[in-house]
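Trainee: To start, I am sharing the structure in question, which I have written as structure tokens.
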Amino acid sequence: MAAAQLDRETQSSLCAEFLNFSAKDTAARWLEASDLQQEVYQHLAAYVPRILCVGPGGGGGGGGGGSREEQREELACQLLLLAPLEWLLLGEEPAPGLALLQESNQPSPLCGHVFKVGEPTYSCRECAADPTCVLCMQCFLGSAHKEHRYRMTTSGGGGFCDCGDAEAWKKSPYCQKHTPAASRGDSEADPVSQLPADLVGRAYSIFSIMLKYCVDLLTWDQPDQLPAGLEPPDRADTYYCMLFNDEVHTYEQVIYTLQKAVNCSQKEAVSFATTVDRDGRKSVRFGDFQFCEQAKSIIVRNTSRQSKPLRVEVMHSSVVAHQCFALKALSWLAQIIQYSDGLRRILCQVGLEAGPEGDDSSLVNRLMINDSKMWKGARNIYHQLLMNSLLMDLRYKQMFAVQFAKNYQRLQSDYVRDDHDREFSITDLSVQIFTVPSLARMLMVQEDLMKTIIRTFVDHLRHRDLQGRFQFDRYTAQQAFKFGRVQSLIGDLKYILISRPSEWSDQLRLKFLDGLDAFLELLKCMQGMDPVVRQVGQHIEMEPEWEAAFTLQMKLTHIISMVQDWCCSDERVLIEAYRKCLSALSQCHGGLPDGEQPISLGLAGHSVDTFRYQVSQDKVSIHLPVCRLLAGLHVLLSRTEVASRFPEQLPLGELSPPLLIELPLRCLVLCAQVHAGMWRRNGFSLINQIYYYHNVKCRVEMFDKDVSMLQVGASMMDPNHFLMIVLSRFELFHIFSSADCRKRYREANKDLAQQNNTLIEEMLHLIIMVVGERYLPGVGQVEPCDEVRREIIHQLSIRPMAHSELVKALPENGNKETGLEPVIDSVASFRKPGVTGRGLYELRPEWNRHFNLYFHHYSRADQSKAEEAQRKLRRQNGEDTALPPPIPPSLSPLFGSLINLLQCDVLLAVEGAVLQWAMEPSGGGWTESMLQRVLHLVAMALLEEQQQLENIGASEDVTFSYSFKISRPGEAPSPTGSVLALLESLQNAPHLEVHKDMISWILKMVVKIRTTRERTTSSSAVSVSQAQGAEETVRDKDKAERKRKAEMARLRREKIMAQMSEMQKHFINENKELFQQSLEELEASTSTATATSDDSSSSEFTCTSQVCVGPRRVGGADSRQLVTCILCQEEQEVRGHGRAMVLAAFVQRSTVLSKNRRRGLPDPEHYNPLFMHPELSLGIHTASCGHIMHASCWQRYFEAVQLKERRRQQRLRGHNSYDVYNGEFLCPLCECLSNTVIPLLPHTHCPDRSVEHPTLEAWLESTSQQVAALHSSHRKQCEGAAEEAEPRAEPEPPEGFMVDFTPQNPFSSSIKEMVTTFSTSTYKVGLKLLPNEQDARVPVLVWATCAYTIQTIERLLVDEEKPLFGSLPCRQNDCLSSLTRFSSACWTAVPVTTTHTHFIKLLAALVPDSQVEESPCILDVDMFHLLVYAVLSYSSVHSLDQTGRRGIDSTHLHLLHLVTVAHLVQVLLSSTSAEVCMEQDGGGCGEEELSCQLYCTLRKHLGSALPEVTSGWQLQRCIRSGVLPFLRCAALFFHYLNSSAPPADLLVAGPAQWEALCSYLSLPSNLLQLYQSQHTVLEPLIHRWCSHPGVRQVLQGGGALVRFPRESNRLIELPEDYSVLINQASSFTCPRSGGDKSRAPTLCLVCGSLLCSQSYCCQTEVEGEDVGACTAHTFTCGAGLGLFLRVRESQVLFVAGKTKGCFYPPPYLDDYGETDQGLKRGNPLHLCVQRYQKIERLWRQHGIAEVIGHAQEANQTLVAIDWQHL
Ligand SMILES: [Zn+2]
Ligand SMILES: [Zn+2]
Ligand SMILES: [Zn+2]
Ligand SMILES: [Zn+2]
Ligand SMILES: [Zn+2]
Ligand SMILES: [Zn+2]
Ligand SMILES: [Zn+2]
């Protein structure tokens, strides 16, 4: 109470102040004052608490608002508080003063546009310095980059456009708008010097005072007091209970608590919660201290149970008011400095000036340090100010950067402790500072930034084991959360390293190496972390934690690569880094061999000393970052040739190769053992680690480096020693060192033998990799692009792939580039996508020979897929199917000795052993892949030898002599023949058929090498080469012959296939026609037969024309209709008295044809559907998959489905893809979603040609007699019981018309039951009511779905330019046919009087009847619906006629004529209002004249309501086009009703349509003749139509006027460029929460509305449930069905009802023919018209519900989504 009163008082006093206050005078007074700050503070102290936060509504955190209260505050602030400041600053009227400032300003070229959430940003992949350099849409469109390869993403908010920043772009840094003017020579000039001196002085003092004021208040932490000088003159007892945001409590918790604590409605609570979330705080109560304190304690109590309580503070209103004003003042400052770069610089100066407490006490510093204590709204506003000021001024940006770096550690720690997202933290500004290379360099040198970041990071990872390694398994949830936040530091590290220096200073070298030291400390903490020990016996009890370590590894991957990149750019740094890394490694190794027993190994005449260590028994870790960094640096030494140029500076001699390889080797052995199944009991965590070790995200700095390290070690060791150590670590040494050991194993244990086999395979593979992997620059003599190309070749060798798949398979660098684009086109050709699917890259055939089966990045699955694909390809080309290794690139000198591995004795012994085992066909002693690997190794060696021979020439110099060595007999332990001899004997072994090609390849190779050697040594080179040449030609011939044969076989095969498919096609075609035509032909022939025999006079009609309606119609014979039940497979004839057959069907509401989506859904209880408005705003559509069942079979099936569902629901909750309780089921054959069945009914009979056909006049006469008789009978029934009033003059019913007659139901009980089933389903779906068989509207809804479905199909045929007949798919044809026939019989299921009443009312709309009230006006009726209803309801009236002399067909024809004339009038009334008259020749034919006549008649009745039209030609054109859809629908209707074959002209789309249509409908082709010939009868009708008051009202704009023809509805037009949509959506604000950005803007594809989806703010209640904006929208726009585009996700969303929905691929594709669902890749997207048309067609065909059904059936997770909340 008190508050409200106070409010009123202050307001009135304020009003008085308003009038008397002068900003100018106040400013003048201030100017004279000696202490400006004191004056200003006094003013603020007096006014701020009186203007701001004076009532319960205040206390928000700022932000736009629209309430009157807020507007008043805003105005008062401007006039009383800010205006004097502006006057003071400018010394004149503010507006012109600021304009003048702006005019003389020379703006910096920086764009600096700050991004809104969801706004599109663009980055050029060719020119951006790094991926954080982005452009806003305006700058991008005006830049050179739009022609380059660019990436488009949506901004997460914050950050600004980098246009104009020369450091951010390699080229073209300016867009058109921001290109600096050429005249601007002195860009370095101080902008302050361009301002008048007095202005500078005033600005300086005002900015100092105001900025200090703001900083004081934002960092103020006393809720009940104010800083000195600001105490309010009169202090009231008014407080706010302020609720603060945290990220711990959920929306629901906060809402619930608020409702309890402050007694508000749920709506208010939601609004509070939303504001708290957005602004960071919100007052939830206003009043005296006690009152607020009470609310506070309830909130705290309620939220403290599970976690720390919500933060609530009771604050004095004056404190809140000053804080609010401080925010407004900050925004004001941000605005003012936009006018002048000079002012901006002054503000920067003020902000960074050291305060009284020393260097670090500047105002900006105070803000930064208190950042984590401020609420979100305050942070946002001052961050914005920093971006507008300090970050826009290049000089001060640098000073700010230094301050930022000095505070770095503290800010980061604050951030880690805080719980707000990073975008709300000052630390997020690091991206703006560190990504500027010059700044980053400067900070690194001056502020030790690299070291600081790494140290800060390491400090936050507390838990270590005894060796000082990280221990993540001891982290609590809270610590894990912090670990998540700490990772942002790695991001900062990445920013400063992302561009490597082009020039090094000594300082930089020093500081970088300091940083590297810190980095090595970090890596040392990782080396060996999470060690594993093999579990034997029992399975592990708990999966150990492994993800944190891998997260760390993954995050650091790019950093490690970047560090190497930096090292690589300077030789001195590289050498020093190598030293440091090596010493770090030896520290890690300290004590490695300790405790291990030394052993000595001997094999093939060599021996080596090592120690006993078994991976399978001792600890092993997968994390070896120090080793791996050293491996990387070693490769760089080789690549930069530093090693060969400065060998004396390198500690290469200190290296102990066995130690270098030890740890990586263990890791690789671990992988092999896991593959061999030895670690099964260690659970999934190990499997996952091994997976990531090889995964593309980690492998560059894990697996790849381990292989490199083995290469490093092997290149420095005796190859025999190396191999023996490898054998020993693989625990395979004994197998190759003694023959019987192996035998013993084999006999002992089958599992163990298998394990050993796998281990041997893995070991051989490893050797292949160590010798063969040379595509790393430094190891082999290759370029980086060769490496990428090889990856691509091997991916595409598996199968053709889409661009995104390839990108995913390649490692990305720190710039998110894979290097794919520059090489892809050289190795692959692109195949465009169709309407579905995506574009694919296919390997060009010439690259197939580069395929390496043992490519190190293949998984086993990839390998076997690739092998299969490659063999198939070679077989198809008629080539040798052997897959020999490709010719490898040469090794770099440092790695040159690697090749000796291939020819060393130990390897030869291993090869010999495996070949020897392979001699025995049986037993598990060896495997095919083992042999294959050995053959591969042999082939590699031969290729090596051949390469050397070719390159060097003279064989004496060739050191590689594998071909000699393999011909030597084997040595112990297997004293068998030589490798060569073994190969020769294996060549023809029957059990080695698969390897035959490879063995022959090897043997031929050996021959070739020998001949080469001989040729080069002996002088008779010529003859040898000739012999070889001869041999080659023989071989070539051989090959050619084989190829020819293969080709012939292929041709033959193709021919046979073609023949077969031709036959098949033929068969189907013939039968299709047979099936389609048989019925109709049969009918036609029988009807002609009867016609000719009965009545010769009518034969001329049947011969010349097909007619579907009226007494002359043909067809409808009682041909037998045989159908098969899909459930029991029995055949059944369709008969009225037989067993009922039904068609599965789906009935749904539809707005596809709607011309008015704003018309709300009708109230189901009171809605009368008897007259459809021409707007067609809501229809009922029926579709069917065309599958037929016995009614009884279907019932049994449906009951089973119900039972199953009931059981399922007992077991687990949740939804099904279909709603059984709503009658939904899936068709048992095709699983098509259905919710009812249509009973099949027999065809109507042939018309009885003997009955008379009355004229229209006579028919009208007799019909009105019938109607009158019905009227009186109905009256009698109503009044009858009550009182027998005196009999009125009863109209005499026509002769033979028996009013009380009850017609016999023509159907069997089972059919009757099905008739009721379908009728009630349409009723239930159409009106959304519970079934009620007694409701009079039941038959109307059946007729409605019949009429509506025909109309939709007619539209579909027009839109797809198909002929009216003969083009419908079978299922639609069957559906329409049974639907129509069913509709004509549905009256039998309801009381006859109901349909009589309907008929009377319907007829009254055409022939006005005084006894019927409220007939609609002719403009408010859809004539086709009227025709269908009238024709179908008449059947019941006709059944009363017992004379047999009146045919029902006559009535149909007359009704058609009558409705057609009414439609003509309707078309004319509605079409002319806005047409332009084009005078044609006056004469004209009959049709034009008659059109004019009719129009004149209408004008006569309606006068000036109709405009004057003089052109008959135009009227006629109007009529024809307007009435055509109606005629087409009518033709479809009567065609199905009467089963009459259509005329040939309507089977094709073409110009003859009109005439054929008219004659088919028994209408004159000049429709006006209908009116002309029955002038006397129709004239009065037309008069009465026109005199309906509704007509005049509608024509004068008082109602909805629909023009004919109605255009087909289309989905909205979408822009070609997707970013246009994103941009639109980014400026879209939530309509409910004042000006907030919507998080999930979603576009309705039907009407184009943008919605704020998936958000609390826009939930509404629909039918008693809270639903999201999309679902709510579907109820008004699509009768429960919706198509949307989720703009941020680039995803199409289909929704049906509240529980069903699915996602659908969007119609936007990138240049590679792929969609980007989720907008993750960022390639530019363009509209694919065909795909959009496909979606549109789906919508028009009413197929959306079915697509959802299928999607949900296929993917059960879709069922679980809460679609109604979208
Ligand atoms: Zn821009
Ligand atoms: Zn620009
Ligand atoms: Zn570019
Ligand atoms: Zn059956
Ligand atoms: Zn089906
Ligand atoms: Zn819509
Ligand atoms: Zn919203």
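Residues are named by chain letter and number: chains run A, B, ... in the order of the structure tokens, numbers start at 1 in each chain, and ligands are numbered from 1 in the order shown.
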What residues of the protein or nucleic acid chains come within 10 Å of ligand 3 when you use only C-alpha atoms and all ligand atoms? Reply as a list in words.

Mentor: Ser123, Cys124, Arg125, Glu126, Cys127, Ala128, Phe140, Ser143, Ala144, His145, Lys146, Glu147, His148, Arg149, Tyr150, Trp169, Lys170, Lys171, Ser172 and Pro173 of chain A

Trainee: For the residues selected in the previous step, produce a file with N, CA and C atoms as a PDB file, in the first residue's frame.

Mentor:
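Result file is result.pdb:
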ATOM      1  N   SER A 123      33.808 -16.421 -42.900  1.00  0.00           N
ATOM      2  CA  SER A 123      35.251 -16.436 -42.802  1.00  0.00           C
ATOM      3  C   SER A 123      35.804 -16.952 -44.122  1.00  0.00           C
ATOM      4  N   CYS A 124      36.819 -16.288 -44.621  1.00  0.00           N
ATOM      5  CA  CYS A 124      37.385 -16.730 -45.889  1.00  0.00           C
ATOM      6  C   CYS A 124      38.439 -17.791 -45.601  1.00  0.00           C
ATOM      7  N   ARG A 125      38.278 -18.939 -46.243  1.00  0.00           N
ATOM      8  CA  ARG A 125      39.225 -20.018 -45.971  1.00  0.00           C
ATOM      9  C   ARG A 125      40.540 -19.804 -46.699  1.00  0.00           C
ATOM     10  N   GLU A 126      40.533 -18.854 -47.625  1.00  0.00           N
ATOM     11  CA  GLU A 126      41.775 -18.590 -48.348  1.00  0.00           C
ATOM     12  C   GLU A 126      42.558 -17.435 -47.730  1.00  0.00           C
ATOM     13  N   CYS A 127      41.832 -16.433 -47.215  1.00  0.00           N
ATOM     14  CA  CYS A 127      42.521 -15.210 -46.808  1.00  0.00           C
ATOM     15  C   CYS A 127      42.547 -14.940 -45.313  1.00  0.00           C
ATOM     16  N   ALA A 128      41.682 -15.594 -44.531  1.00  0.00           N
ATOM     17  CA  ALA A 128      41.644 -15.268 -43.110  1.00  0.00           C
ATOM     18  C   ALA A 128      42.922 -15.745 -42.439  1.00  0.00           C
ATOM     19  N   PHE A 140      30.862  -8.777 -45.760  1.00  0.00           N
ATOM     20  CA  PHE A 140      31.172  -9.922 -46.605  1.00  0.00           C
ATOM     21  C   PHE A 140      30.650  -9.704 -48.019  1.00  0.00           C
ATOM     22  N   SER A 143      32.818  -7.593 -50.053  1.00  0.00           N
ATOM     23  CA  SER A 143      34.249  -7.900 -50.039  1.00  0.00           C
ATOM     24  C   SER A 143      34.637  -8.799 -51.203  1.00  0.00           C
ATOM     25  N   ALA A 144      35.934  -8.978 -51.353  1.00  0.00           N
ATOM     26  CA  ALA A 144      36.413  -9.849 -52.428  1.00  0.00           C
ATOM     27  C   ALA A 144      36.208 -11.314 -52.074  1.00  0.00           C
ATOM     28  N   HIS A 145      36.006 -11.587 -50.784  1.00  0.00           N
ATOM     29  CA  HIS A 145      35.990 -12.983 -50.327  1.00  0.00           C
ATOM     30  C   HIS A 145      34.761 -13.751 -50.759  1.00  0.00           C
ATOM     31  N   LYS A 146      33.715 -13.029 -51.169  1.00  0.00           N
ATOM     32  CA  LYS A 146      32.521 -13.795 -51.520  1.00  0.00           C
ATOM     33  C   LYS A 146      32.760 -14.614 -52.785  1.00  0.00           C
ATOM     34  N   GLU A 147      33.828 -14.297 -53.492  1.00  0.00           N
ATOM     35  CA  GLU A 147      34.190 -15.126 -54.647  1.00  0.00           C
ATOM     36  C   GLU A 147      35.173 -16.235 -54.270  1.00  0.00           C
ATOM     37  N   HIS A 148      35.642 -16.209 -53.028  1.00  0.00           N
ATOM     38  CA  HIS A 148      36.623 -17.226 -52.594  1.00  0.00           C
ATOM     39  C   HIS A 148      35.899 -18.395 -51.934  1.00  0.00           C
ATOM     40  N   ARG A 149      36.708 -19.330 -51.459  1.00  0.00           N
ATOM     41  CA  ARG A 149      36.119 -20.408 -50.668  1.00  0.00           C
ATOM     42  C   ARG A 149      35.862 -19.878 -49.280  1.00  0.00           C
ATOM     43  N   TYR A 150      34.608 -19.850 -48.863  1.00  0.00           N
ATOM     44  CA  TYR A 150      34.356 -19.291 -47.544  1.00  0.00           C
ATOM     45  C   TYR A 150      33.547 -20.246 -46.705  1.00  0.00           C
ATOM     46  N   TRP A 169      43.641 -10.479 -42.066  1.00  0.00           N
ATOM     47  CA  TRP A 169      43.455 -11.022 -43.419  1.00  0.00           C
ATOM     48  C   TRP A 169      44.752 -11.040 -44.174  1.00  0.00           C
ATOM     49  N   LYS A 170      44.996 -12.146 -44.869  1.00  0.00           N
ATOM     50  CA  LYS A 170      46.214 -12.248 -45.660  1.00  0.00           C
ATOM     51  C   LYS A 170      46.133 -11.326 -46.865  1.00  0.00           C
ATOM     52  N   LYS A 171      44.931 -11.219 -47.426  1.00  0.00           N
ATOM     53  CA  LYS A 171      44.722 -10.196 -48.446  1.00  0.00           C
ATOM     54  C   LYS A 171      43.292  -9.685 -48.383  1.00  0.00           C
ATOM     55  N   SER A 172      43.030  -8.617 -49.093  1.00  0.00           N
ATOM     56  CA  SER A 172      41.721  -7.946 -49.124  1.00  0.00           C
ATOM     57  C   SER A 172      41.107  -7.750 -47.733  1.00  0.00           C
ATOM     58  N   PRO A 173      41.769  -6.970 -46.875  1.00  0.00           N
ATOM     59  CA  PRO A 173      41.211  -6.790 -45.530  1.00  0.00           C
ATOM     60  C   PRO A 173      40.028  -5.818 -45.481  1.00  0.00           C
TER      61      PRO A 173
END

Trainee: Ligand 5: which residues are within 9 Å, counting only C-alpha atoms and all ligand atoms, as number ranges by chain?

Mentor: A: 1126, 1143-1145, 1184-1188, 1226-1234

Trainee: Return as a list in words every polymer residue, whether protein, DNA or RNA, with at least one atom no more than 8 Å from an atom of ligand 7; count only C-alpha atoms and all ligand atoms.

Mentor: Thr1629, Cys1630, Pro1631, Arg1632, Ser1633, Asp1636, Ser1638, Arg1639, Leu1651, Cys1652, Ser1653, Ser1655, Tyr1656, Cys1657, Cys1658, Gln1659 and Ala1669 of chain A

Trainee: Just to be explicit: take each residue in the selection above, keep C-alpha atoms, and write the result as an mmCIF file, in the first residue's frame.

Mentor:
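Written out: out-v7.cif:
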data_model
loop_
_atom_site.group_PDB
_atom_site.id
_atom_site.type_symbol
_atom_site.label_atom_id
_atom_site.label_comp_id
_atom_site.auth_asym_id
_atom_site.auth_seq_id
_atom_site.Cartn_x
_atom_site.Cartn_y
_atom_site.Cartn_z
ATOM 1 C CA THR A 1629 12.979 -11.371 -31.622
ATOM 2 C CA CYS A 1630 10.747 -13.423 -29.403
ATOM 3 C CA PRO A 1631 7.305 -11.869 -29.551
ATOM 4 C CA ARG A 1632 6.716 -12.471 -25.868
ATOM 5 C CA SER A 1633 9.806 -11.573 -23.937
ATOM 6 C CA ASP A 1636 14.866 -10.861 -26.712
ATOM 7 C CA SER A 1638 14.858 -16.124 -30.071
ATOM 8 C CA ARG A 1639 17.030 -19.170 -29.503
ATOM 9 C CA LEU A 1651 8.231 -18.602 -34.498
ATOM 10 C CA CYS A 1652 10.215 -18.706 -31.283
ATOM 11 C CA SER A 1653 10.358 -22.440 -30.891
ATOM 12 C CA SER A 1655 11.453 -22.119 -25.471
ATOM 13 C CA TYR A 1656 9.536 -21.451 -22.312
ATOM 14 C CA CYS A 1657 8.715 -17.907 -23.271
ATOM 15 C CA CYS A 1658 6.482 -18.901 -26.139
ATOM 16 C CA GLN A 1659 4.661 -21.872 -24.720
ATOM 17 C CA ALA A 1669 5.294 -22.284 -30.461
#

Trainee: When distances are computed from only C-alpha atoms, which of A:Tyr578, A:Phe722, A:Tyr1348, A:Phe1694 shows the smallest separation from A:His606?

Mentor: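 Comparing A:Tyr578, A:Phe722, A:Tyr1348, A:Phe1694 against A:His606, the winner is A:Phe722.
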
Trainee: Please extract the residues at most 9 Å from ligand 4, counting only C-alpha atoms and all ligand atoms, and provide them as a ChimeraX atom specification, using the chain letters and residue numbers of this document.

Mentor: /A:1124-1132,1141,1188-1194

Trainee: So, counting only C-alpha atoms, which residue among A:Arg1528, A:His623, A:His1588, A:His1575 is closest to A:Tyr693?

Mentor: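 Of A:Arg1528, A:His623, A:His1588, A:His1575, the one nearest A:Tyr693, counting only C-alpha atoms, is A:His623.
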
Trainee: Find the distance between atom CA of A:Asn1755 and atom CA of A:Lys1698 and write it in Å to one decimal.

Mentor: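 Interatomic distance, atom CA of A:Asn1755 to atom CA of A:Lys1698: 18.1 Å.
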
Trainee: Please, which residues have at least one atom within 6 Å of an atom of ligand 2, using only C-alpha atoms and all ligand atoms, listed as a short mmCIF file (atom, residue, chain, number, x, y, z; two decimals) with N, CA, C and O atoms, in the first residue's frame?

Mentor:
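Result went into selection19.cif, see below:
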data_model
loop_
_atom_site.label_atom_id
_atom_site.label_comp_id
_atom_site.auth_asym_id
_atom_site.auth_seq_id
_atom_site.Cartn_x
_atom_site.Cartn_y
_atom_site.Cartn_z
N CYS A 111 35.45 -2.17 -38.97
CA CYS A 111 33.98 -2.23 -38.96
C CYS A 111 33.50 -2.37 -37.52
O CYS A 111 32.73 -1.56 -37.02
N CYS A 139 29.62 -6.56 -44.67
CA CYS A 139 31.02 -6.45 -45.12
C CYS A 139 31.35 -7.58 -46.09
O CYS A 139 32.00 -7.37 -47.10
N CYS A 163 36.45 -6.74 -40.30
CA CYS A 163 36.70 -6.01 -41.54
C CYS A 163 37.53 -4.78 -41.23
O CYS A 163 37.25 -4.06 -40.28
N TYR A 174 39.80 -5.06 -46.55
CA TYR A 174 38.74 -4.07 -46.49
C TYR A 174 37.59 -4.42 -47.41
O TYR A 174 37.79 -4.87 -48.53
N CYS A 175 36.37 -4.20 -46.93
CA CYS A 175 35.23 -4.29 -47.84
C CYS A 175 35.08 -2.94 -48.53
O CYS A 175 35.81 -2.00 -48.20
N LYS A 177 32.91 -0.69 -48.16
CA LYS A 177 32.51 0.39 -47.28
C LYS A 177 33.68 0.83 -46.39
O LYS A 177 33.80 2.00 -46.06
N HIS A 178 34.51 -0.12 -45.99
CA HIS A 178 35.54 0.23 -45.03
C HIS A 178 36.92 0.45 -45.64
O HIS A 178 37.92 0.50 -44.92
#

Trainee: List as a PyMOL selection string the protein and nucleic acid residues near A:Ala631, meaning an atom at most 12 Å away when only C-alpha atoms are counted, but skip any in the same chain fewer than 3 places from it.

Mentor: chain A and resi 560-561+564+578+581-582+585+624-628+634-638+657+660-661+663-664+700-713+776+778-779

Trainee: Could you check which of A:Thr1674, A:Ser1321, A:Ser413, A:Ser1690 is closest to ligand 6, using only C-alpha atoms and all ligand atoms?

Mentor: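 Residue with the minimum atom-to-atom distance to ligand 6: A:Thr1674.
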
Trainee: Counting only C-alpha atoms, which of A:Gln1266, A:Ser155, A:Ser208, A:Ser108 gets nearest to A:Val1299?

Mentor: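 With only C-alpha atoms as the atom set, the closest residue is A:Gln1266.
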
Trainee: Could you find all residues in stretch 151-386 of chain A that DSSP calls alpha helix (DSSP H) from the backbone, and write them as number ranges by chain?

Mentor: A: 197-218, 251-262, 266-279, 289-303, 317-336, 341-352, 363-369, 376-386

Trainee: Between A:Ala99, A:Leu1468, A:Leu443, A:Leu110, which is the closest to ligand 1 once you count only C-alpha atoms and all ligand atoms?

Mentor: A:Leu110

Trainee: Using only C-alpha atoms and all ligand atoms, find each residue with an atom at most 7 Å away from ligand 1 and format the answer as a ChimeraX atom specification.

Mentor: /A:111-113,135-139,161-163

Trainee: Keeping only C-alpha atoms, write the selected residues to a file as a compact mmCIF listing (two decimals), in the first residue's frame.

Mentor:
# COMPACT_ATOMS: atom_id res chain seq x y z
CA CYS A 111 33.98 -2.23 -38.96
CA GLY A 112 33.64 -3.51 -35.42
CA HIS A 113 30.04 -4.60 -35.85
CA LEU A 135 33.07 -10.66 -41.40
CA CYS A 136 29.54 -9.46 -40.87
CA MET A 137 27.09 -10.05 -43.67
CA GLN A 138 27.23 -6.47 -45.02
CA CYS A 139 31.02 -6.45 -45.12
CA CYS A 161 33.47 -8.03 -37.46
CA ASP A 162 37.16 -7.97 -38.36
CA CYS A 163 36.70 -6.01 -41.54

Trainee: Pick the closest to A:Tyr47 from A:Ser1367, A:Gln78, A:Thr1497, A:Gln1209: which is it, counting only C-alpha atoms?

Mentor: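 Smallest distance to A:Tyr47 is found for A:Gln78.
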
Trainee: Quick one: residues within 10 Å of ligand 6, with only C-alpha atoms and all ligand atoms, as JSON, numbers by chain?

Mentor: {"A": [1157, 1158, 1611, 1612, 1643, 1644, 1645, 1646, 1647, 1648, 1649, 1650, 1651, 1670, 1673, 1674, 1675, 1676, 1677, 1678, 1681, 1682, 1683, 1684]}

Trainee: Find the residues around A:Val1591 up to 10 Å (only C-alpha atoms counted), leave out those fewer than 5 positions away in its own chain, and share them as a PyMOL selection string.

Mentor: chain A and resi 1416-1420+1466+1469-1470+1502+1505+1585-1586+1596+1598-1599+1601

Trainee: I need the residues in stretch 1636-1741 of chain A that are strand (DSSP E or B) according to DSSP; give them as a ChimeraX atom specification.

Mentor: /A:1637,1641-1644,1650-1652,1660-1662,1665-1667,1681-1686,1691-1696,1700-1704,1708-1709,1726-1727
